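A.B. asks: Here you go, this is my_file.txt (compact mmCIF, C-alpha atoms).
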```txt
# COMPACT_ATOMS: atom_id res chain seq x y z
CA MET A 1 0.65 -16.42 -30.32
CA GLN A 2 -0.04 -18.04 -26.95
CA SER A 3 1.33 -16.28 -23.90
CA PRO A 4 4.09 -18.25 -22.12
CA ALA A 5 2.27 -17.85 -18.81
CA SER A 6 -0.71 -19.76 -20.18
CA SER A 7 1.10 -22.35 -22.29
CA PRO A 8 0.27 -26.05 -21.87
CA ALA A 9 3.81 -26.77 -20.71
CA ALA A 10 3.53 -24.26 -17.87
CA GLY A 11 0.05 -25.52 -16.98
CA ALA A 12 1.38 -29.08 -16.62
CA ALA A 13 3.62 -28.07 -13.70
CA PRO A 14 2.85 -29.57 -10.26
CA ASN A 15 0.23 -27.90 -8.11
CA ALA A 16 1.92 -25.84 -5.39
CA ALA A 17 -0.67 -26.69 -2.73
CA LEU A 18 -0.32 -30.44 -3.33
CA LEU A 19 3.47 -30.30 -3.45
CA MET A 20 3.69 -28.36 -0.19
CA ALA A 21 0.78 -30.10 1.62
CA ALA A 22 2.97 -31.65 4.35
CA ASP A 23 4.77 -28.36 4.97
CA MET A 24 1.51 -26.41 5.02
CA LYS A 25 0.24 -28.83 7.66
CA GLU A 26 3.26 -27.85 9.77
CA VAL A 27 2.45 -24.18 9.13
CA ASP A 28 -1.15 -24.75 10.24
CA GLY A 29 0.18 -26.24 13.46
CA VAL A 30 2.30 -23.13 14.06
CA ILE A 31 -0.73 -20.92 13.34
CA GLN A 32 -2.89 -22.76 15.87
CA ARG A 33 -0.20 -22.61 18.57
CA ARG A 34 0.67 -18.99 17.98
CA LEU A 35 -2.96 -17.82 17.94
CA ALA A 36 -3.52 -19.00 21.50
CA SER A 37 -4.46 -16.25 23.95
CA ASP A 38 -5.87 -16.13 27.47
CA VAL A 39 -8.43 -13.62 26.16
CA ALA A 40 -11.45 -15.55 24.93
CA LEU A 41 -12.63 -13.00 22.37
CA ILE A 42 -9.19 -12.92 20.73
CA ASN A 43 -9.27 -16.71 20.35
CA GLN A 44 -12.80 -16.60 18.97
CA ILE A 45 -12.23 -13.92 16.31
CA ALA A 46 -8.71 -14.95 15.31
CA HIS A 47 -9.72 -18.59 14.85
CA TYR A 48 -12.86 -17.52 12.98
CA ILE A 49 -10.96 -15.64 10.29
CA ILE A 50 -8.05 -18.13 10.04
CA SER A 51 -10.43 -21.07 9.75
CA ALA A 52 -12.08 -19.43 6.74
CA GLY A 53 -9.10 -20.73 4.78
CA GLY A 54 -8.07 -18.84 1.68
CA LYS A 55 -5.47 -19.57 -0.96
CA ARG A 56 -2.50 -19.26 1.46
CA ILE A 57 -0.24 -18.19 -1.43
CA ARG A 58 2.00 -15.97 0.70
CA PRO A 59 3.09 -18.68 3.15
CA MET A 60 3.51 -21.04 0.22
CA LEU A 61 5.97 -18.62 -1.39
CA VAL A 62 8.14 -18.71 1.74
CA LEU A 63 8.15 -22.51 1.62
CA LEU A 64 8.65 -22.89 -2.12
CA PHE A 65 11.54 -20.45 -2.43
CA SER A 66 13.36 -21.61 0.70
CA SER A 67 13.04 -25.24 -0.40
CA ALA A 68 14.01 -24.49 -4.02
CA LEU A 69 17.17 -22.82 -2.69
CA GLY A 70 18.03 -25.71 -0.38
CA PHE A 71 16.82 -24.53 3.05
CA GLU A 72 14.71 -27.04 5.00
CA GLY A 73 14.94 -25.71 8.58
CA PRO A 74 11.90 -25.23 10.87
CA GLU A 75 12.24 -21.44 10.66
CA ARG A 76 10.50 -21.55 7.29
CA HIS A 77 7.29 -22.82 8.91
CA GLU A 78 7.46 -20.05 11.51
CA LEU A 79 7.94 -17.36 8.87
CA ALA A 80 5.28 -18.83 6.59
CA ALA A 81 2.84 -18.55 9.50
CA THR A 82 4.11 -15.04 10.22
CA VAL A 83 3.27 -13.72 6.75
CA GLU A 84 -0.16 -15.34 7.00
CA PHE A 85 -0.69 -13.51 10.29
CA ILE A 86 0.29 -10.19 8.72
CA HIS A 87 -2.13 -10.88 5.87
CA THR A 88 -4.89 -11.83 8.33
CA ALA A 89 -4.38 -8.63 10.33
CA THR A 90 -4.72 -6.55 7.15
CA LEU A 91 -7.97 -8.37 6.29
CA LEU A 92 -9.44 -7.63 9.71
CA HIS A 93 -8.59 -3.94 9.33
CA ASP A 94 -9.56 -3.76 5.63
CA ASP A 95 -13.04 -5.13 6.22
CA VAL A 96 -13.69 -2.47 8.86
CA VAL A 97 -12.46 0.34 6.60
CA ASP A 98 -14.41 -1.00 3.60
CA GLU A 99 -17.51 -1.85 5.67
CA SER A 100 -17.46 -5.29 4.06
CA ALA A 101 -20.02 -7.87 5.11
CA LEU A 102 -18.77 -10.96 3.26
CA ARG A 103 -15.34 -12.55 2.80
CA ARG A 104 -14.47 -16.08 1.64
CA GLY A 105 -18.16 -16.87 1.52
CA ARG A 106 -18.77 -16.08 5.20
CA LYS A 107 -19.74 -13.04 7.21
CA THR A 108 -16.76 -10.83 7.98
CA ALA A 109 -15.49 -10.62 11.55
CA ASN A 110 -16.65 -7.00 11.82
CA ALA A 111 -20.15 -7.98 10.69
CA LEU A 112 -20.30 -10.65 13.41
CA PHE A 113 -18.31 -9.16 16.28
CA GLY A 114 -18.31 -5.42 15.56
CA ASN A 115 -15.70 -2.97 14.30
CA ALA A 116 -13.94 -2.31 17.60
CA ALA A 117 -13.30 -6.00 18.31
CA SER A 118 -12.07 -6.61 14.75
CA VAL A 119 -9.59 -3.72 14.84
CA LEU A 120 -8.23 -4.71 18.24
CA VAL A 121 -7.86 -8.38 17.35
CA GLY A 122 -6.17 -7.29 14.13
CA ASP A 123 -3.68 -5.42 16.33
CA PHE A 124 -3.14 -8.59 18.38
CA VAL A 125 -2.45 -10.65 15.25
CA TYR A 126 -0.01 -8.00 13.96
CA SER A 127 1.89 -7.86 17.26
CA ARG A 128 1.98 -11.66 17.48
CA ALA A 129 3.52 -11.70 14.01
CA PHE A 130 6.32 -9.44 15.26
CA GLN A 131 6.93 -11.75 18.22
CA MET A 132 7.31 -14.59 15.73
CA MET A 133 9.75 -12.61 13.57
CA VAL A 134 11.96 -12.00 16.60
CA SER A 135 11.96 -15.72 17.49
CA VAL A 136 13.77 -16.51 14.21
CA ASN A 137 16.64 -14.31 15.46
CA ARG A 138 17.72 -12.91 12.09
CA MET A 139 18.01 -9.16 11.65
CA ARG A 140 17.45 -9.41 7.88
CA VAL A 141 14.10 -11.13 8.47
CA LEU A 142 13.03 -8.29 10.78
CA GLU A 143 14.15 -5.74 8.22
CA VAL A 144 12.20 -7.34 5.38
CA LEU A 145 8.95 -7.75 7.32
CA ALA A 146 9.09 -4.41 9.13
CA ASP A 147 9.58 -2.70 5.77
CA ALA A 148 6.73 -4.69 4.23
CA THR A 149 4.21 -3.88 6.97
CA ASN A 150 5.08 -0.20 6.76
CA VAL A 151 4.63 -0.12 2.96
CA ILE A 152 1.32 -2.03 3.25
CA ALA A 153 0.06 0.61 5.69
CA GLU A 154 1.05 3.34 3.23
CA GLY A 155 -0.85 1.46 0.52
CA GLU A 156 -3.97 1.34 2.68
CA VAL A 157 -3.84 5.11 3.20
CA LEU A 158 -3.20 5.74 -0.50
CA GLN A 159 -6.23 3.63 -1.39
CA LEU A 160 -8.34 5.58 1.10
CA MET A 161 -7.19 8.85 -0.51
CA ASN A 162 -8.11 7.52 -3.97
CA MET A 163 -11.64 6.45 -3.06
CA HIS A 164 -14.37 8.02 -5.21
CA ASP A 165 -11.79 9.61 -7.55
CA PRO A 166 -12.65 8.83 -11.20
CA ASP A 167 -9.63 10.86 -12.35
CA LEU A 168 -7.12 8.50 -10.76
CA SER A 169 -4.30 7.64 -13.17
CA VAL A 170 -3.47 4.03 -14.03
CA GLU A 171 0.03 4.67 -12.66
CA ASP A 172 -1.36 5.72 -9.25
CA TYR A 173 -3.74 2.75 -9.24
CA LEU A 174 -0.82 0.37 -9.85
CA ARG A 175 1.16 2.07 -7.09
CA VAL A 176 -1.58 1.16 -4.61
CA ILE A 177 -1.53 -2.47 -5.79
CA ARG A 178 2.25 -2.68 -5.41
CA PHE A 179 2.11 -1.20 -1.91
CA LYS A 180 -1.05 -2.81 -0.58
CA THR A 181 -0.99 -6.31 -2.12
CA ALA A 182 2.22 -7.04 -4.01
CA LYS A 183 4.53 -5.97 -1.16
CA LEU A 184 3.64 -8.95 1.05
CA PHE A 185 3.98 -11.34 -1.90
CA GLU A 186 7.40 -9.78 -2.53
CA ALA A 187 8.42 -10.08 1.13
CA SER A 188 7.26 -13.71 1.30
CA ALA A 189 9.33 -14.72 -1.73
CA ARG A 190 12.31 -12.71 -0.47
CA LEU A 191 12.17 -14.45 2.92
CA GLY A 192 12.71 -17.82 1.27
CA ALA A 193 15.93 -16.49 -0.25
CA VAL A 194 16.98 -14.84 3.03
CA LEU A 195 16.56 -18.12 4.93
CA ALA A 196 18.65 -19.92 2.30
CA GLU A 197 21.30 -17.18 2.51
CA ALA A 198 21.08 -16.73 -1.26
CA SER A 199 23.18 -14.13 -3.04
CA GLU A 200 21.80 -10.62 -3.42
CA PRO A 201 20.98 -11.04 -7.16
CA VAL A 202 19.08 -14.26 -6.43
CA GLU A 203 17.24 -12.63 -3.51
CA GLU A 204 16.25 -9.70 -5.73
CA SER A 205 14.96 -12.04 -8.45
CA CYS A 206 12.87 -13.93 -5.90
CA ALA A 207 11.47 -10.64 -4.61
CA ALA A 208 10.71 -9.47 -8.16
CA TYR A 209 8.81 -12.72 -8.79
CA GLY A 210 6.67 -12.09 -5.70
CA ARG A 211 6.04 -8.46 -6.64
CA ALA A 212 4.93 -9.36 -10.18
CA LEU A 213 2.83 -12.32 -9.03
CA GLY A 214 1.11 -10.18 -6.38
CA THR A 215 0.34 -7.50 -8.96
CA ALA A 216 -1.13 -10.09 -11.33
CA PHE A 217 -3.16 -11.58 -8.49
CA GLN A 218 -4.70 -8.22 -7.54
CA LEU A 219 -5.44 -7.27 -11.15
CA VAL A 220 -7.46 -10.47 -11.51
CA ASP A 221 -9.21 -9.81 -8.18
CA ASP A 222 -10.24 -6.42 -9.51
CA LEU A 223 -11.61 -7.75 -12.79
CA LEU A 224 -13.51 -10.56 -11.02
CA ASP A 225 -15.53 -7.90 -9.20
CA TYR A 226 -17.20 -7.29 -12.58
CA GLU A 227 -16.91 -10.75 -14.12
CA GLY A 228 -17.52 -13.24 -11.31
CA ALA A 229 -20.47 -14.35 -9.23
CA THR A 230 -20.90 -13.86 -5.48
CA ASP A 231 -21.03 -17.61 -4.74
CA GLN A 232 -17.73 -18.13 -6.61
CA LEU A 233 -15.91 -15.09 -5.28
CA GLY A 234 -16.84 -15.46 -1.62
CA LYS A 235 -17.56 -11.74 -1.54
CA ASN A 236 -20.34 -9.58 -2.94
CA VAL A 237 -19.98 -8.76 -6.61
CA GLY A 238 -19.77 -4.99 -7.05
CA ASP A 239 -18.15 -4.37 -3.66
CA ASP A 240 -15.35 -2.36 -5.28
CA LEU A 241 -17.87 -0.08 -6.97
CA ARG A 242 -19.89 0.31 -3.77
CA GLU A 243 -16.71 1.40 -1.99
CA GLY A 244 -15.90 3.87 -4.77
CA LYS A 245 -12.68 2.10 -5.80
CA PRO A 246 -11.50 3.20 -9.26
CA THR A 247 -9.92 -0.09 -10.36
CA LEU A 248 -8.36 -0.84 -13.76
CA PRO A 249 -11.51 -2.27 -15.40
CA LEU A 250 -13.34 1.00 -14.65
CA LEU A 251 -10.42 3.23 -15.64
CA LEU A 252 -10.05 1.41 -18.98
CA ALA A 253 -13.81 1.41 -19.61
CA MET A 254 -13.90 5.20 -19.13
CA GLU A 255 -10.95 5.57 -21.48
CA ARG A 256 -12.60 3.44 -24.17
CA GLY A 257 -16.31 4.21 -23.72
CA THR A 258 -18.62 6.84 -25.17
CA GLY A 259 -19.23 10.16 -23.46
CA ASP A 260 -22.45 8.85 -21.86
CA GLU A 261 -20.74 5.66 -20.70
CA ARG A 262 -17.88 7.64 -19.25
CA ALA A 263 -20.30 9.91 -17.38
CA LEU A 264 -22.20 6.93 -15.95
CA ILE A 265 -19.04 5.28 -14.62
CA ARG A 266 -17.71 8.58 -13.22
CA GLN A 267 -20.94 9.06 -11.29
CA ALA A 268 -20.90 5.47 -10.05
CA ILE A 269 -17.34 5.90 -8.71
CA GLU A 270 -18.03 9.30 -7.15
CA GLU A 271 -21.21 8.13 -5.41
CA GLY A 272 -20.39 4.45 -4.81
CA GLU A 273 -23.56 3.67 -6.71
CA VAL A 274 -24.37 -0.01 -7.24
CA ALA A 275 -27.97 0.46 -8.39
CA ARG A 276 -26.69 0.70 -11.97
CA LEU A 277 -24.11 -2.05 -11.54
CA PRO A 278 -25.53 -4.16 -14.42
CA GLU A 279 -25.05 -1.20 -16.79
CA VAL A 280 -21.51 -0.62 -15.52
CA VAL A 281 -20.69 -4.32 -15.96
CA GLU A 282 -22.00 -4.24 -19.51
CA ILE A 283 -19.86 -1.20 -20.36
CA VAL A 284 -16.78 -2.78 -18.80
CA ARG A 285 -17.36 -5.92 -20.85
CA HIS A 286 -18.19 -4.48 -24.26
CA THR A 287 -15.34 -1.95 -24.17
CA GLY A 288 -12.90 -4.83 -23.71
CA ALA A 289 -11.76 -3.49 -20.33
CA LEU A 290 -12.02 -6.90 -18.64
CA ALA A 291 -9.99 -8.63 -21.36
CA ALA A 292 -7.39 -5.84 -21.23
CA THR A 293 -7.13 -6.13 -17.45
CA ARG A 294 -6.57 -9.88 -17.66
CA GLU A 295 -3.96 -9.30 -20.36
CA ALA A 296 -2.18 -6.85 -18.03
CA ALA A 297 -2.24 -9.59 -15.38
CA ARG A 298 -0.77 -12.07 -17.87
CA ALA A 299 2.06 -9.63 -18.61
CA GLU A 300 2.87 -9.45 -14.88
CA ALA A 301 2.71 -13.24 -14.59
CA ASP A 302 5.12 -13.56 -17.53
CA LYS A 303 7.47 -11.13 -15.76
CA ALA A 304 7.28 -13.31 -12.65
CA ARG A 305 8.00 -16.44 -14.68
CA ARG A 306 11.17 -14.91 -16.13
CA MET A 307 12.50 -14.21 -12.63
CA LEU A 308 12.63 -17.96 -11.96
CA ASP A 309 15.59 -18.38 -14.33
CA VAL A 310 17.85 -17.94 -11.27
CA LEU A 311 16.57 -21.20 -9.77
CA GLY A 312 17.82 -24.64 -10.68
CA ALA A 313 15.41 -27.26 -12.01
CA SER A 314 13.17 -28.63 -9.23
CA ALA A 315 9.58 -29.53 -8.43
CA GLN A 316 9.40 -26.30 -6.40
CA ARG A 317 10.43 -24.19 -9.38
CA ASP A 318 7.83 -25.96 -11.52
CA ALA A 319 5.19 -25.25 -8.87
CA LEU A 320 6.15 -21.56 -8.87
CA LEU A 321 5.66 -21.57 -12.66
CA GLU A 322 2.24 -23.14 -12.15
CA LEU A 323 1.32 -20.37 -9.70
CA CYS A 324 1.90 -17.84 -12.48
CA VAL A 325 -0.78 -19.59 -14.55
CA ARG A 326 -3.17 -20.12 -11.66
CA SER A 327 -2.99 -16.51 -10.49
CA VAL A 328 -4.21 -15.24 -13.87
CA GLU A 329 -6.58 -17.90 -15.16
CA ARG A 330 -8.65 -18.30 -11.98
CA SER A 331 -12.34 -17.40 -11.61
CA SER A 332 -12.41 -16.91 -7.83
```
Rewrite the structure of this file - the entire thing - as structure tokens.

C.D. replies:
Amino acid sequence: MQSPASSPAAGAAPNAALLMAADMKEVDGVIQRRLASDVALINQIAHYIISAGGKRIRPMLVLLFSSALGFEGPERHELAATVEFIHTATLLHDDVVDESALRRGRKTANALFGNAASVLVGDFVYSRAFQMMVSVNRMRVLEVLADATNVIAEGEVLQLMNMHDPDLSVEDYLRVIRFKTAKLFEASARLGAVLAEASEPVEESCAAYGRALGTAFQLVDDLLDYEGATDQLGKNVGDDLREGKPTLPLLLAMERGTGDERALIRQAIEEGEVARLPEVVEIVRHTGALAATREAARAEADKARRMLDVLGASAQRDALLELCVRSVERSS
């Protein structure tokens, strides 16, 4: 039977980016204004990474949920830009930690400008985000975003601790995803409800949607490292393996593979070995680990979809349904 998250009816929903194009243009204007600094290098690096684009799902969640719940004030543009700034700061820091050379099809900021400059500009973008939070003058907004940034930092440290560990449990792997990736999705969706002064049950449902969508999104990111192509992904295929990240496709492949296959993957994780990447990819594919990972993502997307029952019928709700499909069925 076809999964609800991938049904034709869900797929026919309006595209979130098209629906929110005018609002996202306002958000881009806030981003450009708020990035301004008297320090030339900050302007150069911050504009470099922001101009690389990206899917901008997190700011879109702020806009979609606030609008679906009846809030149309300018604060939503400020907070949409704020969550994008928090995301950008994490990217700047992540790429230094991971020693990444490619993101969104371009050289990373650390590859171009050096590690020190990337970390310090990441700090600037983080602190600017907190200035923006304060400008909205709502304590609940500060609470939500301060909590989110703290949990994201914990997720980064957990991931660092798990590097090169082939014995990582699936439960601990999912914990990292929920801290490191899903938490900002959750906070973004929750902010829309906070702005609209929605009831606590509605706010919690919005947050649960974001958490499940973010988990689905990261699961697909992890499988694309073994299924995609560098020109599609905008990053180097096999980066996760090079960094020694034991992601779900590898964990499932070890669980399902032969003794020799398990030993090969264990060694690849422990040593961050990409020389045998084609063999690892083949094992991940023929054991069904990629299909199982995408199915796990579909289950999360279905969970997100069910959380939207608290919203009344609207184009925004339909677009949020469409995001559930897009997050899982994408190839980049």

A.B. asks: Just checking: using all atoms listed in the file, which residue out of A:Asp222, A:Glu143, A:Glu204, A:Glu273 ends up closest to A:Tyr173?

C.D. replies: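 Nearest to A:Tyr173: A:Asp222.
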
A.B. asks: Taking all atoms listed in the file into account, name the residue in A:Val125, A:Leu102, A:Met254, A:Leu184 that is nearest to A:Asp147.

C.D. replies: A:Leu184

A.B. asks: Fewer than 2 positions away in the same chain doesn't count, so skip those; otherwise give me all residues within 12 Å of A:Leu142, counting all atoms listed in the file, as JSON, numbers by chain.

C.D. replies: {"A": [79, 82, 83, 129, 130, 131, 132, 133, 134, 135, 136, 137, 138, 139, 140, 144, 145, 146, 147, 148, 149, 187, 191, 194, 195]}

A.B. asks: Given the selection you just returned, output its residues as a file containing C-alpha atoms, formatted as a CSV table (one decimal), keeping the file's coordinate frame.

C.D. replies:
```
chain,number,residue,atom,x,y,z
A,79,LEU,CA,7.9,-17.4,8.9
A,82,THR,CA,4.1,-15.0,10.2
A,83,VAL,CA,3.3,-13.7,6.8
A,129,ALA,CA,3.5,-11.7,14.0
A,130,PHE,CA,6.3,-9.4,15.3
A,131,GLN,CA,6.9,-11.8,18.2
A,132,MET,CA,7.3,-14.6,15.7
A,133,MET,CA,9.8,-12.6,13.6
A,134,VAL,CA,12.0,-12.0,16.6
A,135,SER,CA,12.0,-15.7,17.5
A,136,VAL,CA,13.8,-16.5,14.2
A,137,ASN,CA,16.6,-14.3,15.5
A,138,ARG,CA,17.7,-12.9,12.1
A,139,MET,CA,18.0,-9.2,11.6
A,140,ARG,CA,17.4,-9.4,7.9
A,144,VAL,CA,12.2,-7.3,5.4
A,145,LEU,CA,9.0,-7.8,7.3
A,146,ALA,CA,9.1,-4.4,9.1
A,147,ASP,CA,9.6,-2.7,5.8
A,148,ALA,CA,6.7,-4.7,4.2
A,149,THR,CA,4.2,-3.9,7.0
A,187,ALA,CA,8.4,-10.1,1.1
A,191,LEU,CA,12.2,-14.4,2.9
A,194,VAL,CA,17.0,-14.8,3.0
A,195,LEU,CA,16.6,-18.1,4.9
```

A.B. asks: For a quick check of your reading of the model, name the residues lying within 7 Å of the coordinate (4.3, -13.3, -1.4), counting all atoms listed in the file, and write them as a list in words.

C.D. replies: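 Applying the cut-off with all atoms listed in the file, one gets Ile57, Arg58, Leu61, Leu184, Phe185, Glu186, Ala187, Ser188, Ala189, Gly210 and Gly214 of chain A.
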
A.B. asks: Fewer than 3 positions away in the same chain doesn't count, so skip those; otherwise give me all residues within 8 Å of A:Asp23, counting only C-alpha atoms, as JSON, numbers by chain.

C.D. replies: {"A": [20, 26, 27, 63, 77]}

A.B. asks: Leaving out A:Ala81 and any residue of its chain fewer than 3 positions from it, which residues lie within 7 Å of it when counting only C-alpha atoms, given as a list in words?

C.D. replies: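 Everything that qualifies: Val27, Val30, Ile31, Pro59, His77, Glu78, Glu84 and Phe85 of chain A.
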
A.B. asks: Calculated over only C-alpha atoms, which of the candidates A:Val220, A:Ile45, A:Ala193, A:Arg106 has the smallest distance to A:Leu120?

C.D. replies: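 Counting only C-alpha atoms, the residue closest to A:Leu120 is A:Ile45.
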
A.B. asks: Show me, as number ranges by chain, the residues that have an atom within 8 Å of A:Thr88 when counting all atoms listed in the file, minus same-chain residues fewer than 2 positions from it.

C.D. replies: A: 49-50, 84-86, 90-92, 122, 125

A.B. asks: Since we have the selection now, will you write its residues out, keeping C-alpha atoms, as a short mmCIF file (atom, residue, chain, number, x, y, z; two decimals), keeping the file's coordinate frame?

C.D. replies:
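Wrote again17.cif, looks like this:
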```
data_model
loop_
_atom_site.label_atom_id
_atom_site.label_comp_id
_atom_site.auth_asym_id
_atom_site.auth_seq_id
_atom_site.Cartn_x
_atom_site.Cartn_y
_atom_site.Cartn_z
CA ILE A 49 -10.96 -15.64 10.29
CA ILE A 50 -8.05 -18.13 10.04
CA GLU A 84 -0.16 -15.34 7.00
CA PHE A 85 -0.69 -13.51 10.29
CA ILE A 86 0.29 -10.19 8.72
CA THR A 90 -4.72 -6.55 7.15
CA LEU A 91 -7.97 -8.37 6.29
CA LEU A 92 -9.44 -7.63 9.71
CA GLY A 122 -6.17 -7.29 14.13
CA VAL A 125 -2.45 -10.65 15.25
#
```

A.B. asks: For A:Ala301, which residue out of A:Ala313, A:Ala275, A:Val157, A:Leu323 is the nearest one, using all atoms listed in the file?

C.D. replies: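 Closest candidate: A:Leu323.
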